[in-house]
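Visitor: The structure's right below; bear with me while I get my questions together.
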Amino acid sequence: MLAVRDGELNALGELFERHHGRLYGFLLKLTGDRSTAEDLTQTVFQRMLKYRHTYRDQGNFAAWMYHLARRCTADHVRRSSAAPRPIDPADLNLHADDAPHAAGQASVHDDHRLLYAALALLDRDDREVLLLSRFQELSFAEIAGILECSVGAAKVRAHRALRELRDAFFRLQRPTPPVS
Amino acid sequence: MDATPQMTCQTAREAFPEFLDFRTAPTARMAERSHLAVCPDCQREFATLTRIATALDEAPSALPSGRMRQRFYAMLEEEKHSARSIHLAAEREHHARGLSLWRRLGLPLAGCALLAAGFVGGTRFSARSPESQDHSDPEARRQLADLQQRVNAMGQLVGYSLIQQRHSPTVDRLQGVLTSASRENPPPQVINELISALALDPSAHVRLSALDGLAAHLEQEVVRAGVLACLAREENPLVQVSMIDLLATARDASARPAIEKLSTNVTTDRNVRDAARRALAQL
């Protein structure tokens, strides 16, 4: 990114190839919409170009990228005020290596469907901190920097969000009792 | 449940985010780990959280469409093109500034140098003729007056050339206008340039200075007609009010229709409408 900042714009292509898949995955889980996630990914890279002169060497590039992604998403939500839709895993183009094998495929698929549905039930802030904390390339110090809070607060928020997700997941998994 | 006297379930669960982070060393938070090893409630809690965290980590990753890569590279190309255009424009500007400096300073200075050389040469030539040293000689006085006039004209031309260069900095154009406006008897081309500056200069300061310069020559019909023509295209309320006041001072009845139009136009600035109504009372 330092090279991009200094005018070597072609270097952004390399950063795009390295990071856009993971960034898209993050934005897809955050927004629940493929088209929105693609648009936001594009916007993040646009903003990297626009604000390249503000990039400083002291930060991790991924942390800066997610910071921009968070801002872009907040702007998008402010404009559209649309609630995220749960993603159906059947709609996803899976990496060949990630595709589940025949045994247990149906139950795994159900679990993923329930997981995405539970994720969509969380507040955007909870969903955001959860996704950032499970993206293992970011430390809690970096997440705290992105969320503009203390490291302790970031850990507490991540843990609370994970509990929320678990509760939502099990609520969805439990069949509704018949009305007597 | 308390596994150890110092450790509560709540304290132990505060360490769960670190236990769920694979980067945490297995030897970290040993007190909490010891509690977890013997507390069934915390074990159940930790097991369910681990299951959800693992499911989240293993959730299928989606691939963006190929269109996204195309859009990214199209945007990058556009930005590169734009950056190259800005660079070229900056180079052109730099080049033009060099030329402009030569035009602004070099040409007038060269003219002055030629004039000075002519003056020195003439003085030396006349020094060889004793009869011409007598300043009471009408011919010598006429030559000196002629020379004086040429020097004045040269000064006017310097100002004139500064006004003409609308791409030069505002301060230079302003200086050109002030120089031209300060002449007592400006030639027609200087009046024309002042009117032209009033009509076309992008800076309101320059237009106001040009108007001040023209105010001293209101007796000339071309000046009044020029100001009236410029009034129709002027958009700055401050300059509009100054123009209206000037035309009212000149008692130019031909300005009445244009001023009436401004006084009744609701989209016109309120101060301009007020000035127009005052002017109509004077006219």
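By order of appearance in the structure tokens: chains A, B, ..., then residues from 1 within every chain, and ligands from 1 in the order shown.
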Could you work out which residues of chain B fall inside 10 Å of chain A? Count only C-alpha atoms, and format the result as a PyMOL selection string.
Guide: chain B and resi 13-18+20-23+45+48-65+67-69+71-73+75-77+79-80+83
Visitor: Go ahead and dump the residues you just picked, C-alpha atoms, as a PDB file, in the first residue's frame.
Guide:
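Dumped to again-v4.pdb:
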ATOM      1  CA  ARG B  13     -15.822 -16.948  31.365  1.00  0.00           C
ATOM      2  CA  GLU B  14     -14.182 -13.587  30.749  1.00  0.00           C
ATOM      3  CA  ALA B  15     -11.224 -15.586  29.434  1.00  0.00           C
ATOM      4  CA  PHE B  16     -13.322 -17.572  26.936  1.00  0.00           C
ATOM      5  CA  PRO B  17     -12.692 -15.186  23.997  1.00  0.00           C
ATOM      6  CA  GLU B  18      -8.977 -15.819  24.417  1.00  0.00           C
ATOM      7  CA  LEU B  20     -11.491 -19.466  21.458  1.00  0.00           C
ATOM      8  CA  ASP B  21      -8.670 -17.606  19.693  1.00  0.00           C
ATOM      9  CA  PHE B  22      -6.274 -20.216  18.343  1.00  0.00           C
ATOM     10  CA  ARG B  23      -3.373 -17.804  18.731  1.00  0.00           C
ATOM     11  CA  GLU B  45     -21.035 -22.985  28.185  1.00  0.00           C
ATOM     12  CA  THR B  48     -21.624 -24.527  22.942  1.00  0.00           C
ATOM     13  CA  LEU B  49     -19.575 -21.405  22.232  1.00  0.00           C
ATOM     14  CA  THR B  50     -16.822 -23.502  20.670  1.00  0.00           C
ATOM     15  CA  ARG B  51     -19.366 -25.247  18.439  1.00  0.00           C
ATOM     16  CA  ILE B  52     -20.752 -21.935  17.185  1.00  0.00           C
ATOM     17  CA  ALA B  53     -17.309 -20.360  16.705  1.00  0.00           C
ATOM     18  CA  THR B  54     -16.127 -23.417  14.775  1.00  0.00           C
ATOM     19  CA  ALA B  55     -19.274 -23.399  12.622  1.00  0.00           C
ATOM     20  CA  LEU B  56     -18.675 -19.740  11.892  1.00  0.00           C
ATOM     21  CA  ASP B  57     -15.052 -20.353  10.949  1.00  0.00           C
ATOM     22  CA  GLU B  58     -16.021 -23.260   8.730  1.00  0.00           C
ATOM     23  CA  ALA B  59     -18.976 -21.559   7.080  1.00  0.00           C
ATOM     24  CA  PRO B  60     -18.595 -21.792   3.301  1.00  0.00           C
ATOM     25  CA  SER B  61     -16.816 -18.889   1.706  1.00  0.00           C
ATOM     26  CA  ALA B  62     -18.463 -17.323  -1.283  1.00  0.00           C
ATOM     27  CA  LEU B  63     -16.715 -16.304  -4.462  1.00  0.00           C
ATOM     28  CA  PRO B  64     -17.437 -12.908  -5.953  1.00  0.00           C
ATOM     29  CA  SER B  65     -18.571 -12.819  -9.550  1.00  0.00           C
ATOM     30  CA  ARG B  67     -17.719  -8.924 -13.007  1.00  0.00           C
ATOM     31  CA  MET B  68     -16.204  -7.553  -9.803  1.00  0.00           C
ATOM     32  CA  ARG B  69     -12.647  -8.098 -11.024  1.00  0.00           C
ATOM     33  CA  ARG B  71     -15.041  -3.442 -12.523  1.00  0.00           C
ATOM     34  CA  PHE B  72     -11.990  -3.127 -10.272  1.00  0.00           C
ATOM     35  CA  TYR B  73      -9.483  -3.106 -13.129  1.00  0.00           C
ATOM     36  CA  MET B  75     -11.661   1.652 -12.112  1.00  0.00           C
ATOM     37  CA  LEU B  76      -7.895   1.275 -11.689  1.00  0.00           C
ATOM     38  CA  GLU B  77      -7.290   2.115 -15.366  1.00  0.00           C
ATOM     39  CA  GLU B  79      -7.648   6.333 -11.981  1.00  0.00           C
ATOM     40  CA  LYS B  80      -4.280   5.793 -13.679  1.00  0.00           C
ATOM     41  CA  ALA B  83      -3.519  10.606 -12.449  1.00  0.00           C
TER      42      ALA B  83
END
Visitor: Restricting the calculation to only C-alpha atoms: of B:Asp269, B:Val206, B:Val227, B:Glu219, which residue gets closest to Asn192 of chain B?
Guide: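 Of B:Asp269, B:Val206, B:Val227, B:Glu219, the one nearest Asn192 of chain B, counting only C-alpha atoms, is B:Val227.
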Visitor: Please, what distance in Å, to one decimal, runs between atom CA of Ala199 of chain B and atom CA of Leu218 of chain B?
Guide: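 Between atom CA of Ala199 of chain B and atom CA of Leu218 of chain B the gap works out to 16.6 Å.
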Visitor: For atom CA of Val44 of chain A and atom CA of His76 of chain A, quote the distance in Å rounded to one decimal.
Guide: 11.7 Å
Visitor: Excluding segment 239-251 of chain B and its own-chain neighbours fewer than 3 positions away, which residues fall within 8 Å of it when counting only C-alpha atoms? Please give them as a list in words.
Guide: Ala204, Arg207, Leu208, Leu211, Ala215, Leu218, Glu219, Arg224, Val227, Leu228, Leu231, Glu234, Glu235, Asn236, Ala255, Ile259, Asn271, Val272, Ala275, Ala276, Ala279, Leu280, Gln282 and Leu283 of chain B
Visitor: Let's have the selection written as a JSON list (two decimals), in the first residue's frame, with C-alpha atoms.
Guide:
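This went into part.json:
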[["chain", "number", "residue", "atom", "x", "y", "z"],
["B", 204, "ALA", "CA", -15.10, 40.15, -8.93],
["B", 207, "ARG", "CA", -14.23, 43.67, -12.31],
["B", 208, "LEU", "CA", -14.86, 46.15, -9.47],
["B", 211, "LEU", "CA", -15.53, 49.67, -12.94],
["B", 215, "ALA", "CA", -16.10, 55.71, -13.42],
["B", 218, "LEU", "CA", -18.47, 58.39, -17.65],
["B", 219, "GLU", "CA", -18.69, 61.33, -20.01],
["B", 224, "ARG", "CA", -21.76, 54.04, -20.33],
["B", 227, "VAL", "CA", -21.22, 49.24, -18.34],
["B", 228, "LEU", "CA", -24.86, 48.77, -19.37],
["B", 231, "LEU", "CA", -24.83, 44.74, -16.28],
["B", 234, "GLU", "CA", -23.12, 40.27, -14.32],
["B", 235, "GLU", "CA", -24.08, 37.80, -11.57],
["B", 236, "ASN", "CA", -22.20, 39.11, -8.55],
["B", 255, "ALA", "CA", -30.19, 52.26, -18.72],
["B", 259, "ILE", "CA", -32.58, 48.53, -14.38],
["B", 271, "ASN", "CA", -29.81, 44.32, -2.39],
["B", 272, "VAL", "CA", -29.62, 44.58, -6.17],
["B", 275, "ALA", "CA", -30.29, 49.53, -5.64],
["B", 276, "ALA", "CA", -32.28, 49.31, -8.88],
["B", 279, "ALA", "CA", -31.53, 54.25, -9.35],
["B", 280, "LEU", "CA", -34.92, 54.42, -11.06],
["B", 282, "GLN", "CA", -32.77, 59.14, -9.75],
["B", 283, "LEU", "CA", -33.31, 58.49, -13.43]]
Visitor: Tell me, in Å to one decimal, how far atom CA of Leu178 of chain B is from atom CA of Gly226 of chain B.
Guide: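 Taking atom CA of Leu178 of chain B and atom CA of Gly226 of chain B, their separation equals 18.2 Å.
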Visitor: For a quick check of understanding, using only C-alpha atoms, which of A:Ala69, A:Ala141, A:Asp33, A:His53 has the smallest distance to Ala3 of chain A?
Guide: A:His53
Visitor: For a quick check of understanding, using only C-alpha atoms, which of A:Leu2, A:Leu40, A:Met65, A:Ala117 has the smallest distance to His19 of chain A?
Guide: A:Met65
